$ cat target-v1.cif   # mmCIF, C-alpha atoms
data_work
#
loop_
_atom_site.label_atom_id
_atom_site.label_comp_id
_atom_site.auth_asym_id
_atom_site.auth_seq_id
_atom_site.Cartn_x
_atom_site.Cartn_y
_atom_site.Cartn_z
CA MET A 206 125.82 90.46 128.60
CA ASP A 207 129.14 92.05 129.50
CA THR A 208 130.87 90.79 126.34
CA ALA A 209 130.24 90.82 122.60
CA ILE A 210 131.71 88.62 119.87
CA ILE A 211 132.93 90.38 116.74
CA PHE A 212 133.38 87.85 113.97
CA ASP A 213 134.17 87.52 110.29
CA CYS A 214 134.06 84.64 107.82
CA GLU A 215 135.93 83.74 104.66
CA PHE A 216 133.93 81.61 102.26
CA LEU A 217 134.94 79.84 99.08
CA VAL A 218 135.32 81.91 95.96
CA ILE A 219 137.07 81.62 92.63
CA GLU A 220 137.96 84.46 90.30
CA ASP A 221 134.91 86.54 89.32
CA ALA A 222 132.49 84.28 91.23
CA GLN A 223 131.25 87.26 93.23
CA ARG A 224 130.44 89.12 90.02
CA ARG A 225 128.45 86.07 88.89
CA TYR A 226 126.76 85.75 92.32
CA TRP A 227 128.35 82.28 92.56
CA CYS A 228 126.09 81.08 89.69
CA GLY A 229 128.76 80.06 87.16
CA PRO A 230 129.05 76.40 86.17
CA PHE A 231 132.38 75.99 88.01
CA ASP A 232 131.70 78.28 90.98
CA PRO A 233 131.81 76.56 94.38
CA ASP A 234 129.02 77.01 96.86
CA PRO A 235 130.03 79.96 99.09
CA VAL A 236 130.65 77.78 102.13
CA ILE A 237 132.78 78.77 105.08
CA ALA A 238 136.50 77.94 105.15
CA GLN A 239 137.67 80.26 107.95
CA ILE A 240 136.08 81.98 110.95
CA GLY A 241 137.68 84.70 113.04
CA ALA A 242 136.18 85.82 116.34
CA VAL A 243 137.14 88.42 118.94
CA LYS A 244 135.69 88.66 122.43
CA LEU A 245 135.24 92.32 123.42
CA GLY A 246 134.48 93.33 127.00
CA LEU A 247 131.63 95.81 127.29
CA CYS A 248 132.69 97.34 130.61
CA ASP A 249 135.83 98.26 132.57
CA GLY A 250 137.63 99.94 129.66
CA PHE A 251 136.27 97.69 126.90
CA PRO A 252 139.24 95.29 126.69
CA ILE A 253 139.84 92.67 124.04
CA LEU A 254 139.56 89.53 126.15
CA ASP A 255 140.28 86.75 123.67
CA ALA A 256 140.50 85.91 119.97
CA LYS A 257 140.06 82.76 117.95
CA ARG A 258 140.80 81.66 114.37
CA ILE A 259 139.03 78.52 113.13
CA TYR A 260 139.72 76.71 109.87
CA VAL A 261 136.76 74.80 108.47
CA ARG A 262 137.03 71.92 106.05
CA PRO A 263 134.65 73.01 103.25
CA THR A 264 132.57 70.23 101.71
CA ASP A 265 130.22 70.16 98.75
CA ARG A 266 126.61 68.98 98.58
CA HIS A 267 127.72 65.34 98.46
CA GLY A 268 130.01 65.58 101.48
CA GLU A 269 133.18 65.65 99.39
CA ASP A 270 136.01 68.02 100.30
CA TYR A 271 136.34 71.05 98.08
CA ASP A 272 139.73 71.78 96.56
CA ILE A 273 141.11 75.15 97.58
CA ASP A 274 141.34 77.33 94.49
CA PRO A 275 144.59 79.31 94.00
CA PHE A 276 142.53 82.52 93.76
CA PHE A 277 141.10 81.88 97.22
CA THR A 278 144.58 81.24 98.59
CA GLN A 279 145.91 84.45 97.02
CA LEU A 280 143.00 86.40 98.49
CA THR A 281 142.96 84.95 102.00
CA GLY A 282 146.27 83.19 102.58
CA VAL A 283 144.38 79.97 103.32
CA THR A 284 146.04 77.07 101.53
CA GLU A 285 145.03 73.49 100.84
CA GLU A 286 147.74 72.40 103.27
CA ILE A 287 146.35 74.58 106.08
CA ILE A 288 142.84 73.23 105.58
CA ARG A 289 144.05 69.61 105.50
CA ALA A 290 146.18 70.10 108.62
CA ASP A 291 143.95 72.34 110.74
CA GLY A 292 140.49 72.27 109.19
CA ILE A 293 137.63 70.83 111.23
CA SER A 294 134.05 70.04 110.31
CA LEU A 295 131.53 72.88 110.14
CA GLU A 296 129.54 71.32 112.96
CA GLN A 297 132.58 71.19 115.25
CA ALA A 298 133.56 74.73 114.23
CA LEU A 299 130.14 76.05 115.26
CA ILE A 300 130.26 74.12 118.52
CA ASP A 301 133.67 75.66 119.24
CA LEU A 302 132.42 79.13 118.28
CA GLU A 303 129.41 78.83 120.58
CA LYS A 304 131.64 77.72 123.47
CA PHE A 305 133.93 80.67 122.77
CA SER A 306 130.97 83.07 122.88
CA ASN A 307 129.68 81.78 126.23
CA GLY A 308 126.22 83.00 125.25
CA ALA A 309 127.23 86.47 124.05
CA ASN A 310 125.72 88.02 120.94
CA PHE A 311 127.58 88.10 117.63
CA TRP A 312 128.35 91.10 115.44
CA SER A 313 129.84 91.16 111.94
CA TRP A 314 130.43 93.85 109.34
CA GLY A 315 127.36 92.95 107.32
CA LYS A 316 125.61 89.60 107.61
CA ASP A 317 128.33 86.97 107.59
CA GLU A 318 126.07 84.66 109.58
CA LEU A 319 124.01 84.02 106.44
CA ASN A 320 126.95 82.30 104.76
CA MET A 321 127.95 80.59 107.99
CA MET A 322 124.61 79.46 109.41
CA ALA A 323 122.26 79.38 106.42
CA ILE A 324 124.24 78.45 103.31
CA SER A 325 127.01 76.42 104.91
CA CYS A 326 124.73 74.50 107.26
CA TYR A 327 122.29 73.81 104.42
CA ILE A 328 125.06 72.46 102.17
CA ALA A 329 126.49 70.37 105.04
CA ASN A 330 123.00 69.09 105.90
CA ILE A 331 123.26 70.08 109.55
CA ALA A 332 120.99 72.18 111.76
CA PRO A 333 122.26 75.68 112.61
CA ILE A 334 123.61 75.62 116.15
CA ILE A 335 123.35 79.35 117.00
CA PRO A 336 119.94 81.03 116.49
CA ALA A 337 119.54 84.02 114.19
CA ASN A 338 118.50 86.36 117.00
CA ARG A 339 122.02 86.13 118.45
CA PHE A 340 123.47 87.90 115.39
CA ASP A 341 123.39 91.50 114.25
CA ASN A 342 125.07 93.91 111.87
CA ALA A 343 127.90 96.09 113.22
CA CYS A 344 127.16 98.62 110.48
CA LYS A 345 124.20 99.68 112.66
CA LEU A 346 126.58 100.52 115.49
CA LEU A 347 128.78 102.66 113.27
CA LEU A 348 125.70 104.48 112.00
CA LEU A 349 124.68 105.19 115.60
CA ALA A 350 128.20 106.45 116.30
CA GLY A 351 127.99 108.97 113.45
CA MET A 352 129.80 107.30 110.54
CA PRO A 353 128.16 108.63 107.35
CA TYR A 354 125.92 106.09 105.63
CA GLU A 355 127.65 106.68 102.29
CA ASP A 356 131.01 105.81 103.88
CA ILE A 357 129.59 102.70 105.56
CA LYS A 358 128.38 101.43 102.18
CA LYS A 359 131.82 101.72 100.58
CA THR A 360 134.08 100.72 103.48
CA SER A 361 134.95 97.04 103.87
CA SER A 362 135.72 95.46 107.24
CA ASN A 363 139.45 95.23 106.55
CA LYS A 364 139.57 98.97 105.75
CA LEU A 365 137.54 100.13 108.74
CA ALA A 366 140.37 100.66 111.23
CA ALA A 367 142.31 102.60 108.58
CA TYR A 368 139.23 104.73 107.88
CA PHE A 369 139.29 105.84 111.53
CA GLU A 370 143.09 106.26 111.41
CA LEU A 371 143.64 103.96 114.36
CA GLU A 372 147.05 102.62 115.30
CA HIS A 373 147.06 98.85 115.60
CA PRO A 374 149.23 95.80 114.92
CA PRO A 375 149.55 94.87 111.24
CA LEU A 376 146.43 93.26 109.78
CA LYS A 377 146.02 91.21 106.62
CA GLY A 378 142.85 91.88 104.65
CA HIS A 379 140.60 88.88 103.96
CA ASP A 380 141.93 86.98 106.95
CA ALA A 381 138.83 86.31 109.05
CA LEU A 382 140.46 87.07 112.39
CA ASP A 383 142.28 90.17 111.17
CA ASP A 384 139.09 91.52 109.57
CA ALA A 385 137.22 90.90 112.83
CA LEU A 386 140.00 92.72 114.69
CA SER A 387 139.73 95.69 112.31
CA VAL A 388 136.07 96.06 113.26
CA THR A 389 136.80 95.41 116.94
CA TYR A 390 139.46 98.11 117.19
CA VAL A 391 136.98 100.65 115.84
CA LEU A 392 134.16 99.58 118.14
CA GLN A 393 136.54 99.56 121.11
CA ASN A 394 137.70 103.08 120.26
CA LEU A 395 134.15 104.38 119.87
CA LEU A 396 133.11 102.85 123.18
CA GLN A 397 136.16 104.25 124.97
CA SER A 398 135.60 107.73 123.54
CA GLY A 399 131.88 107.72 124.32
CA ALA A 400 130.86 108.06 120.67
CA LEU A 401 129.09 104.70 121.07
CA SER A 402 127.25 104.20 124.33
CA ASP A 403 126.38 100.51 124.17
CA PHE A 404 125.43 97.57 121.95
CA ASN A 405 121.71 97.65 122.72
CA VAL A 406 120.57 97.41 119.11
CA ILE A 407 119.27 93.85 119.10
CA PRO A 408 115.56 93.90 120.09
#

$ encode --input "target-v1.cif" --output "structure tokens"
Amino acid sequence: MDTAIIFDCEFLVIEDAQRRYWCGPFDPDPVIAQIGAVKLGLCDGFPILDAKRIYVRPTDRHGEDYDIDPFFTQLTGVTEEIIRADGISLEQALIDLEKFSNGANFWSWGKDELNMMAISCYIANIAPIIPANRFDNACKLLLLAGMPYEDIKKTSSNKLAAYFELEHPPLKGHDALDDALSVTYVLQNLLQSGALSDFNVIP
């Protein structure tokens, strides 16, 4: 493939839910509410070819819409009004994401596909649309490029471009598209400089 998709997801959370591993009596299932995806060219200067932000209408195990918690809005900027106006079903979101990819492989900072394809699809009672072998962890690429493992472990996606001191348009942390762009800018820079030769990590 001559392109790669760098993506990020924002999934439902309330205050301290992460500390409880989403096991508290009032914690929502960690289902997807926003997907950000960037299409990166893997030749001819490694250009950013396209970008997409998708809002997903999060539903619970009974098919009812989740309310958007104020903590989630404060963290991500995603409001109830945005979800009601622009949110689409998870199934449609994944169809749109697959069309956007045009068959390219997906990379995230970590394993965001587990929340998107495994948890969210399970809760929505739909079959995953994109197979697991199309996804991989961009942390592997940074390790290949020489980023110290200890730094990888403590650097979040939204801090990655700053870690490499790259100039870029303003980014908002915990916005799925902006976090995907943070990772993309770094990968683009490493490819352009020769520190990263290719994306041939997936078997």

$ resolve_selection --input "target-v1.cif" --expression "the PyMOL selection byres ((chain A and resi 298-306) around 8)" --output "PyMOL selection string"
chain A and resi 209-210+242+244+259-261+293-297+307-310+334-335

$ atom_distance --input "target-v1.cif" --atom1 "atom CA of Leu392 of chain A" --atom2 "atom CA of Gly241 of chain A"
16.1 Å

$ atom_distance --input "target-v1.cif" --atom1 "atom CA of Ile331 of chain A" --atom2 "atom CA of Ala290 of chain A"
22.9 Å

$ closest_residue --input "target-v1.cif" --among "A:Ser398, A:His267, A:Ala222, A:Phe212" --to "Tyr327 of chain A" --atoms "all atoms listed in the file"
A:His267

$ closest_residue --input "target-v1.cif" --among "A:Ala367, A:Leu386, A:Ile357, A:Cys326" --to "Gly268 of chain A" --atoms "only C-alpha atoms"
A:Cys326

$ residues_around --input "target-v1.cif" --residues "Asp356 of chain A" --least-positions-apart "3" --cutoff "12 Å" --atoms "only C-alpha atoms" --output "NGL selection string"
:A and (344 or 347-348 or 351-353 or 359-362 or 364-365 or 368-369)

$ resolve_selection --input "target-v1.cif" --expression "the PyMOL selection byres ((chain A and resi 395) around 12)" --output "ChimeraX atom specification"
/A:247,250-251,346-352,366,369,371,388-394,396-404

$ axis_aligned_box --input "target-v1.cif" --around "segment 230-234 of chain A" --padding-each-side "5 Å" --output "JSON"
{"center_x": 130.7, "center_y": 77.1, "center_z": 91.5, "size_x": 13.4, "size_y": 12.3, "size_z": 20.7}

$ resolve_selection --input "target-v1.cif" --expression "the PyMOL selection byres ((chain A and resi 271) around 10)" --output "list in words"
Leu217, Pro233, Asp234, Val236, Ala238, Arg262, Pro263, Thr264, Asp265, Arg266, Gly268, Glu269, Asp270, Asp272, Ile273, Asp274 and Glu285 of chain A

$ atom_distance --input "target-v1.cif" --atom1 "atom CA of Gly378 of chain A" --atom2 "atom CA of Asp207 of chain A"
28.4 Å

$ closest_residue --input "target-v1.cif" --among "A:Asp291, A:Ser387, A:Pro333, A:Lys316" --to "Glu370 of chain A" --atoms "all atoms listed in the file"
A:Ser387

$ closest_residue --input "target-v1.cif" --among "A:Glu286, A:Asp317, A:Asp232, A:Glu215" --to "Asp380 of chain A" --atoms "all atoms listed in the file"
A:Glu215
